[in-house]
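Visitor: Questions regarding the structure given below will be posed in turn.
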Amino acid sequence: MNILRINNVSLVYNNGYKALHGINLEIKNGIFGLLGPNGAGKSSLMKTIVGLQKPSEGQVFFNGTDVVNNPLEIQKQLGFSPQYFGVYPKVSAYDLLEHLAKLKGIHNKGERQDQIINLLEKVNLIDAKNKEVHTFSGGMKQRFGVAQALLGEPKIIIVDEPTAGLDPEERNRFNALLSENGEDIIILLSTHLVEDV
Ligand SMILES: Nc1ncnc2c1ncn2[C@@H]1O[C@H](COP(=O)(O)OP(=O)(O)OP(=O)(O)O)[C@@H](O)[C@H]1O
């Protein structure tokens, strides 16, 4: 069981703007939806959780490790699926995953292959493995985003505004994919859509 604990976290930016006010949360395996309108502070909270930004006050612990003082510990166990997956042109889904797997430190070629095939099957993109990612539909790109976030078997993944621009069928498919994967890890889902949560 993974546990993310946020104790009394506040964040004041250099210009004096108070983006986070005394946040207390305990998150365990499963999907946790962070719901709020644009500018509510979702990105500020997520950056603080993963140690990209130090809080002005308070502490964050991931599986007992202090994130503020040891950001690399959580960063090694983290996957991130951005709102729009910016991709290199002319690179196939498989080759891009291969490249990202190397960056994530999966040095063994066989292990990389196994993980990539497994993930492409999981997100239902195995038939598109040799297609260039920039030719994918919006839904396929989001599912690809989840596949790359899951490379390296992370213990926590952050998924940012995933269903923007997806049709209802793709949205359901995407949400089912997250539910299937949320049993053994923490999934933080940032969105302004109540239905997604
Ligand atoms: N580096 C910064 N310096 C000053 N103010 C900032 C900085 N970054 C964000 N803010 C402000 O903090 C508030 C929260 O921003 P944040 O990006 O966390 O919101 P959000 O909920 O993620 O919004 P969105 O959905 O638009 O990404 C906003 O008012 C924003 O203008």
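Naming works like this for the structure tokens: A, B, ... for the chains as they're shown, residue 1 at the start of each chain, ligands 1 onward in shown order.
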Excluding range 107-116 of chain A and its own-chain neighbours fewer than 6 positions away, which residues fall within 9 Å of it when counting only C-alpha atoms? Please give them as a list in words.

Guide: Tyr94, Leu97, Glu98, Ala101, Ala147, Gln148, Leu151, Gly152 and Glu153 of chain A

Visitor: Restricting the output to C-alpha atoms, write the selected residues as a tab-separated table (two decimals), in the first residue's frame.

Guide:
```tsv
chain	number	residue	atom	x	y	z
A	94	TYR	CA	6.86	1.70	-30.03
A	97	LEU	CA	8.16	4.24	-25.64
A	98	GLU	CA	11.55	2.61	-26.17
A	101	ALA	CA	11.95	3.70	-21.20
A	147	ALA	CA	1.20	3.98	-21.25
A	148	GLN	CA	4.33	6.14	-21.03
A	151	LEU	CA	6.73	2.75	-17.84
A	152	GLY	CA	9.11	1.69	-15.10
A	153	GLU	CA	6.30	0.51	-12.81
```

Visitor: For ligand 1, collect every residue having any atom at a distance of at most 7 Å from a ligand atom (counting only C-alpha atoms and all ligand atoms); output as an NGL selection string.

Guide: :A and (13-15 or 17 or 19 or 36-45 or 192)

Visitor: At a cut-off of 8 Å, using only C-alpha atoms, what residues contact range 184-187 of chain A? Leave out same-chain residues fewer than 4 positions from it and give the result as JSON, numbers by chain.

Guide: {"A": [1, 2, 27, 28, 29, 30, 31, 32, 154, 155, 156, 157, 158, 159, 178]}

Visitor: Select from range 154-176 of chain A every residue with an atom at most 9 Å from any atom of range 139-145 of chain A, then for each give the shortest pair of atoms and their distance in Å to one decimal, using only C-alpha atoms, rows by chain and rising number, as CSV.

Guide:
```
residue,atom,partner,partner_atom,distance
A:Val159,CA,A:Gly145,CA,8.6
A:Pro162,CA,A:Gln142,CA,6.4
A:Thr163,CA,A:Gln142,CA,7.7
A:Gly165,CA,A:Gly139,CA,8.4
A:Leu166,CA,A:Gly139,CA,6.0
A:Asp167,CA,A:Gly139,CA,8.1
A:Glu170,CA,A:Gly139,CA,5.7
A:Arg171,CA,A:Gly139,CA,7.6
A:Arg173,CA,A:Gly139,CA,8.7
A:Phe174,CA,A:Arg143,CA,6.8
```

Visitor: Grab the residues selected above and save them as a short mmCIF file (atom, residue, chain, number, x, y, z; two decimals), in the first residue's frame with N, CA and C atoms.

Guide:
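The resulting file, part.cif, is reproduced below:
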```cif
data_model
loop_
_atom_site.label_atom_id
_atom_site.label_comp_id
_atom_site.auth_asym_id
_atom_site.auth_seq_id
_atom_site.Cartn_x
_atom_site.Cartn_y
_atom_site.Cartn_z
N VAL A 159 -2.12 12.42 -13.63
CA VAL A 159 -2.76 12.54 -14.94
C VAL A 159 -3.45 13.90 -14.97
N PRO A 162 -7.09 14.84 -18.48
CA PRO A 162 -6.94 13.87 -19.56
C PRO A 162 -8.05 13.85 -20.58
N THR A 163 -9.25 14.26 -20.22
CA THR A 163 -10.36 14.00 -21.14
C THR A 163 -10.75 15.23 -21.96
N GLY A 165 -11.36 17.43 -24.78
CA GLY A 165 -11.44 17.19 -26.22
C GLY A 165 -11.77 15.76 -26.62
N LEU A 166 -12.07 14.88 -25.67
CA LEU A 166 -12.42 13.51 -26.06
C LEU A 166 -13.93 13.36 -26.19
N ASP A 167 -14.36 12.49 -27.13
CA ASP A 167 -15.80 12.25 -27.23
C ASP A 167 -16.22 11.31 -26.09
N GLU A 170 -14.72 7.71 -25.97
CA GLU A 170 -13.29 7.70 -25.63
C GLU A 170 -13.09 8.06 -24.16
N ARG A 171 -13.92 8.95 -23.65
CA ARG A 171 -13.81 9.34 -22.25
C ARG A 171 -14.08 8.17 -21.33
N ARG A 173 -13.82 5.05 -22.08
CA ARG A 173 -12.75 4.08 -22.28
C ARG A 173 -11.52 4.50 -21.47
N PHE A 174 -11.24 5.79 -21.50
CA PHE A 174 -10.07 6.31 -20.79
C PHE A 174 -10.26 6.15 -19.27
#
```

Visitor: Which is closer to Lys122 in chain A than all the others in A:Leu100, A:Gln77, A:Ala176, A:Gly138, using only C-alpha atoms?

Guide: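 Smallest separation from Lys122 in chain A among the options: A:Ala176.
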
Visitor: Suppose you want the space between CA of Leu4 in chain A and CA of Ala164 in chain A; what is it in Å?

Guide: 26.6 Å

Visitor: Step one, run DSSP on the backbone; step two, keep only residues of chain A assigned to helix (DSSP H, G or I); then write them as a ChimeraX atom specification.

Guide: /A:42-49,71-75,93-103,109-122,126-128,133-135,138-150,168-181

Visitor: Between A:Leu25, A:Val194, A:Val133, A:Met46, which residue has the minimum interatomic distance to Val91 in chain A, considering only C-alpha atoms?

Guide: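 Of A:Leu25, A:Val194, A:Val133, A:Met46, the one nearest Val91 in chain A, counting only C-alpha atoms, is A:Val133.
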
Visitor: Identify, on the basis of only C-alpha atoms, every residue whose closest approach to Arg5 in chain A does not exceed 10 Å; exclude the query and any residue fewer than 5 positions from it along the same chain; express the result as number ranges by chain.

Guide: A: 24-28, 49, 59-67

Visitor: Give me the residues near Gly22 in chain A as a compact mmCIF listing (two decimals) with N, CA and C atoms, in the first residue's frame, where near means some atom within 10 Å (using only C-alpha atoms) and where sequence neighbours in that chain fewer than 6 positions away do not count.

Guide:
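In the end it all went to around-v7.txt:
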```txt
# COMPACT_ATOMS: atom_id res chain seq x y z
N ILE A 6 -0.04 14.72 3.17
CA ILE A 6 0.19 16.15 3.01
C ILE A 6 -0.24 16.83 4.30
N ASN A 7 0.73 17.44 4.98
CA ASN A 7 0.46 18.03 6.30
C ASN A 7 0.51 19.55 6.23
N ASN A 8 -0.62 20.18 6.36
CA ASN A 8 -0.68 21.62 6.54
C ASN A 8 0.15 22.41 5.53
N VAL A 9 0.01 22.05 4.25
CA VAL A 9 0.84 22.67 3.20
C VAL A 9 0.26 24.00 2.73
N SER A 10 1.10 25.03 2.78
CA SER A 10 0.74 26.33 2.20
C SER A 10 1.83 26.74 1.23
N LEU A 11 1.43 27.49 0.22
CA LEU A 11 2.40 27.95 -0.77
C LEU A 11 2.13 29.41 -1.12
N GLU A 57 5.11 26.41 3.83
CA GLU A 57 4.85 25.82 5.15
C GLU A 57 4.38 24.40 4.93
N GLY A 58 4.59 23.54 5.92
CA GLY A 58 4.02 22.20 5.88
C GLY A 58 4.98 21.16 5.32
```

Visitor: With only C-alpha atoms as the basis for distance, which of A:Gly105, A:Leu120, A:Tyr84, A:Asn69 is at the shortest distance from Ser137 in chain A?

Guide: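 Counting only C-alpha atoms, the residue closest to Ser137 in chain A is A:Tyr84.
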
Visitor: Neighbouring residues of Ser190 in chain A were defined as those with any atom within 7 Å, considering only C-alpha atoms; residues of the same chain fewer than 5 positions away were excluded. Please report them as a ChimeraX atom specification.

Guide: /A:33-35,42,159-161

Visitor: For Glu132 in chain A, find every residue with an atom within 8 Å (counting only C-alpha atoms), except residues of its own chain fewer than 2 positions away, and show them as a ChimeraX atom specification.

Guide: /A:89-93,130,134-136

Visitor: Take the residues just selected and output them with N, CA and C atoms as a CSV table (one decimal), in the first residue's frame.

Guide:
```
chain,number,residue,atom,x,y,z
A,89,PRO,N,8.0,14.4,-34.0
A,89,PRO,CA,7.3,14.0,-35.2
A,89,PRO,C,8.0,12.8,-35.8
A,90,LYS,N,7.3,12.0,-36.5
A,90,LYS,CA,7.9,10.9,-37.3
A,90,LYS,C,8.5,9.8,-36.4
A,91,VAL,N,8.0,9.6,-35.2
A,91,VAL,CA,8.4,8.5,-34.4
A,91,VAL,C,7.2,7.6,-34.0
A,92,SER,N,7.4,6.3,-34.2
A,92,SER,CA,6.3,5.4,-33.9
A,92,SER,C,6.1,5.3,-32.4
A,93,ALA,N,4.9,4.8,-32.1
A,93,ALA,CA,4.5,4.6,-30.7
A,93,ALA,C,5.5,3.7,-30.0
A,130,ASN,N,3.3,0.6,-34.6
A,130,ASN,CA,4.3,1.1,-35.6
A,130,ASN,C,3.8,2.4,-36.3
A,134,HIS,N,2.0,11.2,-33.8
A,134,HIS,CA,1.4,12.5,-34.1
A,134,HIS,C,0.2,12.3,-35.0
A,135,THR,N,0.0,11.0,-35.6
A,135,THR,CA,-1.2,10.7,-36.4
A,135,THR,C,-2.3,10.2,-35.6
A,136,PHE,N,-2.1,10.0,-34.3
A,136,PHE,CA,-3.1,9.4,-33.4
A,136,PHE,C,-4.3,10.4,-33.2
```

Visitor: Name the residues of chain A that fall into strand (DSSP E) according to DSSP on the backbone, using the chain letters and numbers of this document, as a PyMOL selection string.

Guide: chain A and resi 3-12+18-28+30-35+57-62+65-66+78-81+156-160+186-191

Visitor: I need the residue nearest Lys131 in chain A from this list: A:Lys54, A:Leu96, A:Leu193, A:Lys104. Use only C-alpha atoms for the distance.

Guide: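 Closest to Lys131 in chain A, using only C-alpha atoms: A:Leu96.
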
Visitor: Restricting the calculation to only C-alpha atoms: of A:Ser56, A:Val146, A:Glu169, A:Lys76, which residue gets closest to Gly182 in chain A?

Guide: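 Using only C-alpha atoms, the shortest distance to Gly182 in chain A belongs to A:Val146.
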
Visitor: Grab the CA of Val68 in chain A to CA of Asp196 in chain A distance for me, in Å with one decimal place.

Guide: 29.9 Å
